[in-house]
file input_14.cif (mmCIF, C-alpha atoms (C1' of nucleotides))
data_start
loop_
_atom_site.group_PDB
_atom_site.id
_atom_site.type_symbol
_atom_site.label_atom_id
_atom_site.label_comp_id
_atom_site.auth_asym_id
_atom_site.auth_seq_id
_atom_site.Cartn_x
_atom_site.Cartn_y
_atom_site.Cartn_z
ATOM 1 C CA MET A 1216 90.404 189.998 77.273
ATOM 2 C CA PRO A 1217 90.075 193.667 77.937
ATOM 3 C CA GLU A 1218 91.432 194.934 81.215
ATOM 4 C CA GLY A 1219 93.646 198.003 81.320
ATOM 5 C CA HIS A 1220 96.682 196.162 79.987
ATOM 6 C CA THR A 1221 94.822 195.279 76.762
ATOM 7 C CA ILE A 1222 93.900 198.880 76.107
ATOM 8 C CA HIS A 1223 97.393 200.210 76.747
ATOM 9 C CA ARG A 1224 98.823 197.546 74.500
ATOM 10 C CA LEU A 1225 96.341 198.528 71.807
ATOM 11 C CA ALA A 1226 97.377 202.164 72.171
ATOM 12 C CA ARG A 1227 100.980 201.156 71.655
ATOM 13 C CA ASP A 1228 100.260 198.946 68.638
ATOM 14 C CA LEU A 1229 97.884 201.421 67.029
ATOM 15 C CA ASN A 1230 100.411 204.203 67.435
ATOM 16 C CA LYS A 1231 102.972 202.086 65.662
ATOM 17 C CA ASP A 1232 100.655 201.131 62.803
ATOM 18 C CA LEU A 1233 98.432 204.130 62.249
ATOM 19 C CA ALA A 1234 99.745 207.272 63.943
ATOM 20 C CA GLY A 1235 101.049 209.743 61.420
ATOM 21 C CA HIS A 1236 99.095 208.158 58.593
ATOM 22 C CA ASP A 1237 95.943 209.080 56.762
ATOM 23 C CA VAL A 1238 93.478 206.283 57.385
ATOM 24 C CA THR A 1239 90.500 205.010 55.515
ATOM 25 C CA ALA A 1240 87.556 204.262 57.766
ATOM 26 C CA SER A 1241 84.534 202.117 57.078
ATOM 27 C CA SER A 1242 81.816 200.292 58.962
ATOM 28 C CA PRO A 1243 81.150 196.966 57.255
ATOM 29 C CA GLN A 1244 78.531 196.202 59.878
ATOM 30 C CA GLY A 1245 76.893 199.557 59.257
ATOM 31 C CA ARG A 1246 76.235 200.657 62.815
ATOM 32 C CA PHE A 1247 79.088 203.133 62.768
ATOM 33 C CA ALA A 1248 78.700 204.317 59.182
ATOM 34 C CA ALA A 1249 78.290 207.986 60.109
ATOM 35 C CA GLY A 1250 81.266 207.967 62.457
ATOM 36 C CA ALA A 1251 83.455 206.174 59.949
ATOM 37 C CA ALA A 1252 82.513 208.721 57.302
ATOM 38 C CA ARG A 1253 83.683 211.534 59.584
ATOM 39 C CA LEU A 1254 87.057 209.874 60.110
ATOM 40 C CA HIS A 1255 87.598 208.726 56.555
ATOM 41 C CA GLY A 1256 90.766 210.168 55.067
ATOM 42 C CA GLU A 1257 91.763 211.904 58.299
ATOM 43 C CA LYS A 1258 95.261 211.686 59.686
ATOM 44 C CA MET A 1259 95.542 209.850 62.977
ATOM 45 C CA VAL A 1260 97.892 211.697 65.265
ATOM 46 C CA LYS A 1261 98.145 209.894 68.566
ATOM 47 C CA VAL A 1262 96.470 207.076 70.435
ATOM 48 C CA ASP A 1263 96.113 207.245 74.169
ATOM 49 C CA ALA A 1264 94.687 204.989 76.884
ATOM 50 C CA TRP A 1265 93.226 205.769 80.268
ATOM 51 C CA GLY A 1266 92.110 202.723 82.201
ATOM 52 C CA LYS A 1267 89.892 200.772 79.845
ATOM 53 C CA HIS A 1268 89.196 203.744 77.578
ATOM 54 C CA LEU A 1269 90.988 204.163 74.268
ATOM 55 C CA PHE A 1270 91.274 207.530 72.526
ATOM 56 C CA CYS A 1271 92.515 207.908 68.961
ATOM 57 C CA GLY A 1272 93.279 211.537 68.204
ATOM 58 C CA PHE A 1273 93.062 212.906 64.657
ATOM 59 C CA ALA A 1274 94.663 215.939 63.059
ATOM 60 C CA SER A 1275 91.185 217.383 62.556
ATOM 61 C CA GLY A 1276 90.767 217.473 66.335
ATOM 62 C CA GLN A 1277 88.258 214.659 66.306
ATOM 63 C CA VAL A 1278 88.744 211.897 68.833
ATOM 64 C CA LEU A 1279 87.671 208.316 68.326
ATOM 65 C CA HIS A 1280 86.562 207.023 71.728
ATOM 66 C CA ILE A 1281 86.450 203.267 72.156
ATOM 67 C CA HIS A 1282 85.579 201.052 75.109
ATOM 68 C CA LEU A 1283 85.713 197.335 74.418
ATOM 69 C CA GLY A 1284 83.450 196.288 77.267
ATOM 70 C CA LEU A 1285 83.278 192.581 77.944
ATOM 71 C CA ILE A 1286 83.469 191.155 74.463
ATOM 72 C CA GLY A 1287 84.884 193.874 72.237
ATOM 73 C CA LYS A 1288 87.985 193.172 70.181
ATOM 74 C CA PHE A 1289 90.292 195.323 68.110
ATOM 75 C CA ARG A 1290 92.266 193.055 65.830
ATOM 76 C CA ARG A 1291 95.200 193.762 63.579
ATOM 77 C CA LYS A 1292 95.032 192.563 59.985
ATOM 78 C CA LYS A 1293 97.872 192.392 57.541
ATOM 79 C CA LEU A 1294 97.593 194.219 54.263
ATOM 80 C CA PRO A 1295 95.949 193.668 51.961
ATOM 81 C CA ALA A 1296 93.159 193.424 54.516
ATOM 82 C CA PRO A 1297 90.939 190.372 54.124
ATOM 83 C CA GLU A 1298 87.237 190.699 53.458
ATOM 84 C CA PRO A 1299 85.787 191.961 56.750
ATOM 85 C CA THR A 1300 83.280 189.829 58.628
ATOM 86 C CA ASP A 1301 79.787 191.272 58.924
ATOM 87 C CA THR A 1302 80.326 192.098 62.588
ATOM 88 C CA VAL A 1303 83.130 194.592 62.034
ATOM 89 C CA ARG A 1304 81.827 197.852 63.452
ATOM 90 C CA LEU A 1305 84.821 199.831 62.289
ATOM 91 C CA ARG A 1306 87.732 199.110 60.006
ATOM 92 C CA LEU A 1307 90.679 201.490 59.940
ATOM 93 C CA VAL A 1308 93.242 201.008 57.204
ATOM 94 C CA GLY A 1309 96.626 202.725 57.183
ATOM 95 C CA ASP A 1310 99.782 202.234 55.161
ATOM 96 C CA VAL A 1311 101.113 199.422 57.319
ATOM 97 C CA ALA A 1312 98.131 197.488 58.604
ATOM 98 C CA ALA A 1313 94.376 197.435 59.041
ATOM 99 C CA TRP A 1314 92.478 197.223 62.319
ATOM 100 C CA ASP A 1315 89.009 195.700 62.782
ATOM 101 C CA LEU A 1316 86.840 196.618 65.741
ATOM 102 C CA THR A 1317 84.067 194.218 66.770
ATOM 103 C CA GLY A 1318 81.581 194.183 69.632
ATOM 104 C CA PRO A 1319 82.655 197.373 71.417
ATOM 105 C CA TYR A 1320 80.628 198.616 74.333
ATOM 106 C CA LEU A 1321 81.332 202.123 73.126
ATOM 107 C CA CYS A 1322 82.531 203.590 69.837
ATOM 108 C CA ALA A 1323 82.003 207.260 69.113
ATOM 109 C CA VAL A 1324 83.575 210.325 67.544
ATOM 110 C CA ILE A 1325 83.912 212.975 70.235
ATOM 111 C CA THR A 1326 85.724 216.263 70.836
ATOM 112 C CA ASP A 1327 88.766 216.789 72.973
ATOM 113 C CA ASP A 1328 86.557 218.501 75.546
ATOM 114 C CA ASP A 1329 84.383 215.394 75.663
ATOM 115 C CA ARG A 1330 87.486 213.310 76.196
ATOM 116 C CA GLN A 1331 88.465 215.404 79.163
ATOM 117 C CA GLU A 1332 85.023 215.013 80.616
ATOM 118 C CA VAL A 1333 85.383 211.249 80.345
ATOM 119 C CA THR A 1334 88.825 211.051 81.904
ATOM 120 C CA ALA A 1335 87.881 213.487 84.666
ATOM 121 C CA LYS A 1336 85.416 210.870 85.894
ATOM 122 C CA LEU A 1337 88.071 208.167 86.079
ATOM 123 C CA GLY A 1338 90.384 207.373 88.942
ATOM 124 C CA PRO A 1339 94.154 207.339 88.481
ATOM 125 C CA ASP A 1340 95.593 204.782 86.079
ATOM 126 C CA PRO A 1341 98.835 203.168 87.276
ATOM 127 C CA LEU A 1342 99.979 202.756 83.680
ATOM 128 C CA ARG A 1343 99.784 206.486 83.050
ATOM 129 C CA ALA A 1344 101.881 207.625 85.979
ATOM 130 C CA THR A 1345 105.530 207.928 85.000
ATOM 131 C CA GLY A 1346 108.309 209.455 87.031
ATOM 132 C CA VAL A 1347 108.767 209.361 90.770
ATOM 133 C CA ARG A 1348 106.677 212.455 91.376
ATOM 134 C CA ALA A 1349 103.701 211.475 89.248
ATOM 135 C CA VAL A 1350 103.682 208.009 90.738
ATOM 136 C CA ALA A 1351 103.668 209.376 94.273
ATOM 137 C CA ALA A 1352 100.865 211.796 93.459
ATOM 138 C CA ALA A 1353 98.734 209.190 91.723
ATOM 139 C CA ARG A 1354 99.256 206.710 94.509
ATOM 140 C CA GLU A 1355 98.239 209.252 97.082
ATOM 141 C CA ASP A 1356 95.147 210.071 95.035
ATOM 142 C CA PHE A 1357 94.271 206.372 94.950
ATOM 143 C CA GLY A 1358 94.688 206.135 98.713
ATOM 144 C CA ALA A 1359 92.435 209.136 99.257
ATOM 145 C CA ARG A 1360 89.740 207.666 97.035
ATOM 146 C CA LEU A 1361 89.913 204.343 98.880
ATOM 147 C CA ALA A 1362 89.752 206.021 102.260
ATOM 148 C CA ARG A 1363 86.407 207.594 101.357
ATOM 149 C CA ARG A 1364 84.798 204.246 100.698
ATOM 150 C CA ARG A 1365 83.657 201.539 103.040
ATOM 151 C CA VAL A 1366 82.739 199.054 100.330
ATOM 152 C CA ALA A 1367 84.774 195.860 100.185
ATOM 153 C CA ILE A 1368 88.250 196.316 98.737
ATOM 154 C CA GLY A 1369 87.285 193.651 96.192
ATOM 155 C CA ALA A 1370 84.519 195.957 94.986
ATOM 156 C CA ALA A 1371 86.623 199.116 95.189
ATOM 157 C CA LEU A 1372 89.274 197.748 92.846
ATOM 158 C CA LEU A 1373 86.636 197.212 90.163
ATOM 159 C CA ASP A 1374 85.361 200.768 90.544
ATOM 160 C CA GLN A 1375 86.976 202.772 87.743
ATOM 161 C CA LYS A 1376 86.419 205.983 89.700
ATOM 162 C CA ILE A 1377 88.820 204.696 92.356
ATOM 163 C CA ILE A 1378 91.480 203.151 90.164
ATOM 164 C CA ALA A 1379 91.264 202.847 86.384
ATOM 165 C CA GLY A 1380 92.258 199.700 84.565
ATOM 166 C CA ILE A 1381 91.700 196.810 86.954
ATOM 167 C CA GLY A 1382 89.150 194.176 85.917
ATOM 168 C CA ASN A 1383 87.834 190.948 87.357
ATOM 169 C CA VAL A 1384 91.014 188.937 86.828
ATOM 170 C CA TYR A 1385 93.471 191.452 88.203
ATOM 171 C CA ARG A 1386 91.370 192.273 91.269
ATOM 172 C CA ALA A 1387 91.399 188.623 92.301
ATOM 173 C CA GLU A 1388 95.071 188.139 91.526
ATOM 174 C CA ILE A 1389 96.339 191.318 93.159
ATOM 175 C CA LEU A 1390 94.466 190.680 96.407
ATOM 176 C CA PHE A 1391 95.740 187.114 96.416
ATOM 177 C CA LEU A 1392 99.329 188.177 95.874
ATOM 178 C CA LEU A 1393 99.115 190.659 98.741
ATOM 179 C CA GLY A 1394 97.268 188.301 101.079
ATOM 180 C CA ILE A 1395 94.331 190.675 101.497
ATOM 181 C CA ASP A 1396 90.819 189.399 102.191
ATOM 182 C CA PRO A 1397 88.623 190.902 99.433
ATOM 183 C CA ARG A 1398 85.768 191.487 101.892
ATOM 184 C CA ARG A 1399 87.700 193.931 104.041
ATOM 185 C CA PRO A 1400 86.333 197.473 103.849
ATOM 186 C CA ALA A 1401 88.361 199.665 101.510
ATOM 187 C CA ASN A 1402 88.863 202.279 104.214
ATOM 188 C CA SER A 1403 90.306 199.739 106.631
ATOM 189 C CA LEU A 1404 93.524 199.256 104.660
ATOM 190 C CA ASP A 1405 96.611 200.908 106.056
ATOM 191 C CA GLU A 1406 99.017 203.040 104.077
ATOM 192 C CA ALA A 1407 101.442 200.204 103.449
ATOM 193 C CA GLU A 1408 98.666 198.032 102.026
ATOM 194 C CA VAL A 1409 97.346 200.836 99.844
ATOM 195 C CA ASN A 1410 100.814 201.526 98.484
ATOM 196 C CA ALA A 1411 101.412 197.846 97.912
ATOM 197 C CA ILE A 1412 98.192 197.533 95.890
ATOM 198 C CA TRP A 1413 99.123 200.505 93.737
ATOM 199 C CA ASP A 1414 102.690 199.371 93.143
ATOM 200 C CA LEU A 1415 101.754 195.776 92.420
ATOM 201 C CA THR A 1416 99.006 196.882 90.056
ATOM 202 C CA SER A 1417 101.557 198.951 88.160
ATOM 203 C CA VAL A 1418 103.904 196.010 87.866
ATOM 204 C CA GLN A 1419 101.228 193.484 86.953
ATOM 205 C CA LEU A 1420 99.437 195.629 84.403
ATOM 206 C CA GLY A 1421 102.818 196.552 82.954
ATOM 207 C CA GLN A 1422 103.687 192.920 82.528
ATOM 208 C CA GLY A 1423 100.249 192.368 81.003
ATOM 209 C CA VAL A 1424 101.022 195.010 78.375
ATOM 210 C CA ARG A 1425 104.343 193.383 77.554
ATOM 211 C CA LEU A 1426 102.981 189.851 77.326
ATOM 212 C CA ASN A 1427 99.634 190.932 75.898
ATOM 213 C CA ARG A 1428 97.948 188.587 78.379
ATOM 214 C CA ILE A 1429 97.483 188.213 82.100
ATOM 215 C CA VAL A 1430 100.129 186.206 83.916
ATOM 216 C CA THR A 1431 100.499 186.747 87.651
ATOM 217 C CA VAL A 1432 102.138 183.519 88.781
ATOM 218 C CA ASP A 1433 105.792 183.878 89.672
ATOM 219 C CA PRO A 1434 107.657 181.856 87.031
ATOM 220 C CA ALA A 1435 110.244 180.720 89.585
ATOM 221 C CA GLU A 1436 107.449 179.296 91.714
ATOM 222 C CA ALA A 1437 106.148 177.373 88.731
ATOM 223 C CA GLY A 1438 109.582 176.151 87.684
ATOM 224 C CA VAL A 1439 109.795 177.958 84.359
ATOM 225 C CA LYS A 1440 112.203 180.555 83.068
ATOM 226 C CA SER A 1441 109.829 183.433 82.407
ATOM 227 C CA ALA A 1442 106.234 184.482 82.907
ATOM 228 C CA GLY A 1443 105.648 184.317 79.176
ATOM 229 C CA ARG A 1444 106.317 180.594 79.209
ATOM 230 C CA LEU A 1445 103.471 179.817 81.602
ATOM 231 C CA LYS A 1446 100.560 177.980 80.053
ATOM 232 C CA ARG A 1447 97.093 179.356 80.370
ATOM 233 C CA ALA A 1448 96.158 176.908 83.137
ATOM 234 C CA ASP A 1449 99.227 177.832 85.190
ATOM 235 C CA ALA A 1450 99.175 181.596 84.787
ATOM 236 C CA LEU A 1451 96.872 182.620 87.656
ATOM 237 C CA TYR A 1452 96.654 182.013 91.399
ATOM 238 C CA ALA A 1453 92.983 182.530 92.176
ATOM 239 C CA TYR A 1454 90.815 183.556 89.223
ATOM 240 C CA LYS A 1455 88.423 180.764 88.254
ATOM 241 C CA ARG A 1456 90.225 178.253 90.466
ATOM 242 C CA GLU A 1457 87.421 177.516 92.939
ATOM 243 C CA GLY A 1458 87.807 174.082 94.510
ATOM 244 C CA LEU A 1459 91.385 173.752 93.319
ATOM 245 C CA PRO A 1460 94.292 173.768 95.767
ATOM 246 C CA CYS A 1461 95.968 177.107 96.398
ATOM 247 C CA ARG A 1462 99.330 177.133 94.627
ATOM 248 C CA ARG A 1463 100.937 178.481 97.799
ATOM 249 C CA CYS A 1464 99.319 176.589 100.686
ATOM 250 C CA GLY A 1465 97.090 173.871 99.215
ATOM 251 C CA THR A 1466 93.839 175.130 100.739
ATOM 252 C CA GLU A 1467 90.869 175.019 98.369
ATOM 253 C CA ILE A 1468 90.296 178.317 96.602
ATOM 254 C CA GLU A 1469 86.898 179.799 97.445
ATOM 255 C CA ILE A 1470 84.437 181.534 95.164
ATOM 256 C CA MET A 1471 82.196 184.375 96.311
ATOM 257 C CA LYS A 1472 80.222 187.250 94.864
ATOM 258 C CA ILE A 1473 81.543 190.784 95.251
ATOM 259 C CA ALA A 1474 80.134 193.773 93.365
ATOM 260 C CA ASN A 1475 77.873 191.430 91.390
ATOM 261 C CA ARG A 1476 80.783 189.489 89.954
ATOM 262 C CA SER A 1477 82.524 186.289 90.889
ATOM 263 C CA MET A 1478 85.557 186.659 93.096
ATOM 264 C CA TRP A 1479 88.075 184.017 94.072
ATOM 265 C CA ALA A 1480 90.307 183.934 97.125
ATOM 266 C CA CYS A 1481 92.365 181.625 99.297
ATOM 267 C CA PRO A 1482 90.871 181.521 102.800
ATOM 268 C CA THR A 1483 94.270 180.775 104.299
ATOM 269 C CA CYS A 1484 96.529 183.170 102.393
ATOM 270 C CA GLN A 1485 94.096 186.082 102.461
ATOM 271 C CA LYS A 1486 93.132 187.239 105.907
ATOM 272 C "C1'" DC B 932 74.547 172.683 66.271
ATOM 273 C "C1'" DG B 933 72.571 174.959 70.131
ATOM 274 C "C1'" DA B 934 73.762 176.493 74.797
ATOM 275 C "C1'" DT B 935 76.940 178.658 77.650
ATOM 276 C "C1'" DT B 936 80.183 181.804 78.988
ATOM 277 C "C1'" DA B 937 83.257 185.974 79.286
ATOM 278 C "C1'" DT B 938 88.970 189.855 81.547
ATOM 279 C "C1'" DG B 939 82.438 195.445 81.319
ATOM 280 C "C1'" DA B 940 79.357 198.812 82.599
ATOM 281 C "C1'" DT B 941 74.804 200.909 82.569
ATOM 282 C "C1'" DT B 942 69.964 200.937 83.420
ATOM 283 C "C1'" DA B 943 65.831 199.347 85.479
ATOM 284 C "C1'" DA B 944 63.447 197.410 89.320
ATOM 285 C "C1'" DT C 462 69.917 192.319 92.376
ATOM 286 C "C1'" DA C 463 68.657 191.481 87.562
ATOM 287 C "C1'" DA C 464 68.289 192.494 82.849
ATOM 288 C "C1'" DT C 465 70.577 194.338 79.065
ATOM 289 C "C1'" DC C 466 73.868 195.207 75.082
ATOM 290 C "C1'" DC C 467 77.411 193.246 71.856
ATOM 291 C "C1'" DT C 468 80.496 188.809 69.737
ATOM 292 C "C1'" DA C 469 82.954 184.488 69.387
ATOM 293 C "C1'" DA C 470 85.217 180.656 71.463
ATOM 294 C "C1'" DT C 471 84.175 176.515 73.774
ATOM 295 C "C1'" DC C 472 81.540 172.703 75.361
ATOM 296 C "C1'" DG C 473 78.123 169.188 75.594
ATOM 297 C "C1'" DC C 474 74.932 166.469 72.916
#
call {"tool": "encode", "arguments": {"input": "input_14.cif", "output": "structure tokens"}}
result
Amino acid sequence: MPEGHTIHRLARDLNKDLAGHDVTASSPQGRFAAGAARLHGEKMVKVDAWGKHLFCGFASGQVLHIHLGLIGKFRRKKLPAPEPTDTVRLRLVGDVAAWDLTGPYLCAVITDDDRQEVTAKLGPDPLRATGVRAVAAAREDFGARLARRRVAIGAALLDQKIIAGIGNVYRAEILFLLGIDPRRPANSLDEAEVNAIWDLTSVQLGQGVRLNRIVTVDPAEAGVKSAGRLKRADALYAYKREGLPCRRCGTEIEIMKIANRSMWACPTCQK
DNA sequence: CGATTATGATTAA
DNA sequence: TAATCCTAATCGC
């Protein structure tokens, strides 16, 4: 489930549960025993997300850097925490709840300098830009990064150096919603299209954080009261819908390969 | 109960 | 482009 919205939601939930508390850290699976030992008993100060990267800052100055990758999960457990499964790489326990990390692509204790090195390599994250000024600056940065690339826009949106936080679902959905053919070169988009991608990504990822899942279909279009009410099968326009009729025009959704991953698009709605 | 698949990203070829 | 890492839900038999 991890695209940018998942990570920002985790940052929010972890802040609520663990920030300001001393935590106990352990690695039931064993692979992160040394890291857990370094964090054990430390006070977590603040959790922060940038794209798909999660950073948990500690009073000691240590930073827990987590990337969930494709299959990683960070799950909340009520106290008293149940016996951990043998795949739990890291368990953090605070005063309010416990959190179990499984299958991360990356889990390491780093310094704040390391963290800055990591984020310096990432493109702007629409969920980080707040305020009119910051939004305008980030959006312009995004446009400049796109303009330098002639790869397909469908590939560019997956490139975390261009924009941080979009994954395979959102890239398909955002390009569908804006009627953009995913094969068009990134540097062929005009300013209005670039701005529209940035703004829509902000809105969609923001909704993803709120709902804690990806819903892009307009609830009014689907005849329900709110996006949260949409069932899994009705929540998306393009992703994994090859061969099915486009919800807008009825044309069969196509599947293609872009940047080594499956991509879905409506040949009629996306020119 | 085994095979398949996945909303990720890097490394090797 | 393909192989690789990690886990767990789902699906077909």
call {"tool": "closest_residue", "arguments": {"input": "input_14.cif", "among": "A:Met1216, A:Ala1411, A:Val1311, A:Ala1442", "to": "chain B", "atoms": "all atoms listed in the file"}}
result
A:Met1216
call {"tool": "atom_distance", "arguments": {"input": "input_14.cif", "atom1": "CA of Gly1338 (chain A)", "atom2": "CA of Ile1325 (chain A)"}}
result
20.6 Å
call {"tool": "resolve_selection", "arguments": {"input": "input_14.cif", "expression": "the PyMOL selection byres ((chain C) within 12 of (chain A))", "output": "list in words"}}
result
DT462, DA463, DT465, DC466, DC467, DT468, DA469 and DA470 of chain C
call {"tool": "closest_atom_pairs", "arguments": {"input": "input_14.cif", "of": "chain B", "to": "chain A", "cutoff": "7 Å", "atoms": "all atoms listed in the file", "output": "tab-separated table"}}
result
residue	atom	partner	partner_atom	distance
B:DA937	C1'	A:Leu1285	CA	6.7
B:DT938	C1'	A:Met1216	CA	4.5
B:DG939	C1'	A:Gly1284	CA	4.3
call {"tool": "resolve_selection", "arguments": {"input": "input_14.cif", "expression": "the PyMOL selection byres ((chain A and resi 1351-1357) around 12)", "output": "count of residues only"}}
result
43
call {"tool": "decode", "arguments": {"input": "input_14.cif", "residues": "chain C", "atoms": "N, CA and C atoms (P, O5', C5', C4', C3', O3' and C1' of nucleotides)", "output": "mmCIF file, in the first residue's frame"}}
result
data_model
loop_
_atom_site.group_PDB
_atom_site.id
_atom_site.type_symbol
_atom_site.label_atom_id
_atom_site.label_comp_id
_atom_site.auth_asym_id
_atom_site.auth_seq_id
_atom_site.Cartn_x
_atom_site.Cartn_y
_atom_site.Cartn_z
ATOM 1 P P DT C 462 13.269 -2.092 -22.616
ATOM 2 O "O5'" DT C 462 13.480 -3.462 -21.822
ATOM 3 C "C5'" DT C 462 13.830 -4.593 -22.611
ATOM 4 C "C4'" DT C 462 14.454 -5.629 -21.712
ATOM 5 C "C3'" DT C 462 13.485 -6.291 -20.742
ATOM 6 O "O3'" DT C 462 13.604 -7.692 -20.927
ATOM 7 C "C1'" DT C 462 15.422 -5.582 -19.601
ATOM 8 P P DA C 463 12.798 -8.709 -20.045
ATOM 9 O "O5'" DA C 463 13.814 -9.047 -18.861
ATOM 10 C "C5'" DA C 463 15.128 -9.490 -19.190
ATOM 11 C "C4'" DA C 463 15.808 -10.020 -17.944
ATOM 12 C "C3'" DA C 463 14.909 -10.806 -16.997
ATOM 13 O "O3'" DA C 463 15.673 -11.896 -16.498
ATOM 14 C "C1'" DA C 463 15.803 -8.940 -15.854
ATOM 15 P P DA C 464 15.038 -12.943 -15.495
ATOM 16 O "O5'" DA C 464 15.847 -12.627 -14.157
ATOM 17 C "C5'" DA C 464 17.262 -12.564 -14.206
ATOM 18 C "C4'" DA C 464 17.791 -12.113 -12.868
ATOM 19 C "C3'" DA C 464 17.177 -12.843 -11.670
ATOM 20 O "O3'" DA C 464 18.229 -13.161 -10.770
ATOM 21 C "C1'" DA C 464 16.907 -10.501 -11.414
ATOM 22 P P DT C 465 17.939 -14.024 -9.481
ATOM 23 O "O5'" DT C 465 17.740 -12.919 -8.371
ATOM 24 C "C5'" DT C 465 18.828 -12.055 -8.050
ATOM 25 C "C4'" DT C 465 18.374 -11.002 -7.077
ATOM 26 C "C3'" DT C 465 17.536 -11.529 -5.916
ATOM 27 O "O3'" DT C 465 18.340 -11.671 -4.766
ATOM 28 C "C1'" DT C 465 16.760 -9.419 -6.748
ATOM 29 P P DC C 466 17.860 -12.660 -3.597
ATOM 30 O "O5'" DC C 466 17.215 -11.655 -2.540
ATOM 31 C "C5'" DC C 466 18.026 -10.623 -1.960
ATOM 32 C "C4'" DC C 466 17.137 -9.598 -1.328
ATOM 33 C "C3'" DC C 466 16.054 -10.175 -0.434
ATOM 34 O "O3'" DC C 466 16.494 -10.128 0.908
ATOM 35 C "C1'" DC C 466 15.221 -8.384 -1.849
ATOM 36 P P DC C 467 16.043 -11.254 1.926
ATOM 37 O "O5'" DC C 467 14.648 -10.691 2.440
ATOM 38 C "C5'" DC C 467 14.584 -9.465 3.147
ATOM 39 C "C4'" DC C 467 13.170 -8.965 3.130
ATOM 40 C "C3'" DC C 467 12.133 -10.029 3.493
ATOM 41 O "O3'" DC C 467 11.589 -9.740 4.774
ATOM 42 C "C1'" DC C 467 11.439 -8.663 1.677
ATOM 43 P P DT C 468 10.917 -10.951 5.591
ATOM 44 O "O5'" DT C 468 9.380 -10.714 5.241
ATOM 45 C "C5'" DT C 468 8.699 -9.588 5.782
ATOM 46 C "C4'" DT C 468 7.298 -9.571 5.229
ATOM 47 C "C3'" DT C 468 6.397 -10.696 5.732
ATOM 48 O "O3'" DT C 468 5.385 -10.064 6.491
ATOM 49 C "C1'" DT C 468 6.153 -10.349 3.379
ATOM 50 P P DA C 469 4.353 -10.880 7.321
ATOM 51 O "O5'" DA C 469 3.110 -10.947 6.320
ATOM 52 C "C5'" DA C 469 2.452 -9.734 5.997
ATOM 53 C "C4'" DA C 469 1.373 -10.034 4.988
ATOM 54 C "C3'" DA C 469 0.431 -11.174 5.394
ATOM 55 O "O3'" DA C 469 -0.849 -10.803 4.941
ATOM 56 C "C1'" DA C 469 1.337 -11.633 3.308
ATOM 57 P P DA C 470 -2.142 -11.226 5.756
ATOM 58 O "O5'" DA C 470 -3.279 -10.893 4.693
ATOM 59 C "C5'" DA C 470 -3.176 -9.684 3.950
ATOM 60 C "C4'" DA C 470 -3.578 -9.942 2.516
ATOM 61 C "C3'" DA C 470 -4.831 -10.800 2.359
ATOM 62 O "O3'" DA C 470 -5.695 -10.166 1.442
ATOM 63 C "C1'" DA C 470 -3.049 -11.724 1.101
ATOM 64 P P DT C 471 -7.169 -10.698 1.208
ATOM 65 O "O5'" DT C 471 -6.998 -11.516 -0.150
ATOM 66 C "C5'" DT C 471 -6.387 -10.885 -1.270
ATOM 67 C "C4'" DT C 471 -6.193 -11.893 -2.385
ATOM 68 C "C3'" DT C 471 -7.390 -12.833 -2.611
ATOM 69 O "O3'" DT C 471 -7.698 -12.836 -3.991
ATOM 70 C "C1'" DT C 471 -5.387 -14.064 -2.452
ATOM 71 P P DC C 472 -9.100 -13.384 -4.535
ATOM 72 O "O5'" DC C 472 -8.576 -14.449 -5.599
ATOM 73 C "C5'" DC C 472 -7.336 -14.230 -6.300
ATOM 74 C "C4'" DC C 472 -6.855 -15.551 -6.876
ATOM 75 C "C3'" DC C 472 -7.996 -16.532 -7.159
ATOM 76 O "O3'" DC C 472 -7.812 -17.141 -8.422
ATOM 77 C "C1'" DC C 472 -6.372 -17.536 -5.764
ATOM 78 P P DG C 473 -9.081 -17.830 -9.131
ATOM 79 O "O5'" DG C 473 -8.440 -19.207 -9.588
ATOM 80 C "C5'" DG C 473 -7.136 -19.212 -10.185
ATOM 81 C "C4'" DG C 473 -6.480 -20.554 -9.939
ATOM 82 C "C3'" DG C 473 -7.407 -21.749 -10.231
ATOM 83 O "O3'" DG C 473 -6.677 -22.709 -10.985
ATOM 84 C "C1'" DG C 473 -6.570 -21.894 -8.014
ATOM 85 P P DC C 474 -7.444 -23.987 -11.614
ATOM 86 O "O5'" DC C 474 -7.026 -25.150 -10.640
ATOM 87 C "C5'" DC C 474 -5.642 -25.565 -10.607
ATOM 88 C "C4'" DC C 474 -5.464 -26.572 -9.491
ATOM 89 C "C3'" DC C 474 -6.448 -27.736 -9.540
ATOM 90 O "O3'" DC C 474 -5.760 -28.954 -9.824
ATOM 91 C "C1'" DC C 474 -6.274 -26.813 -7.330
#
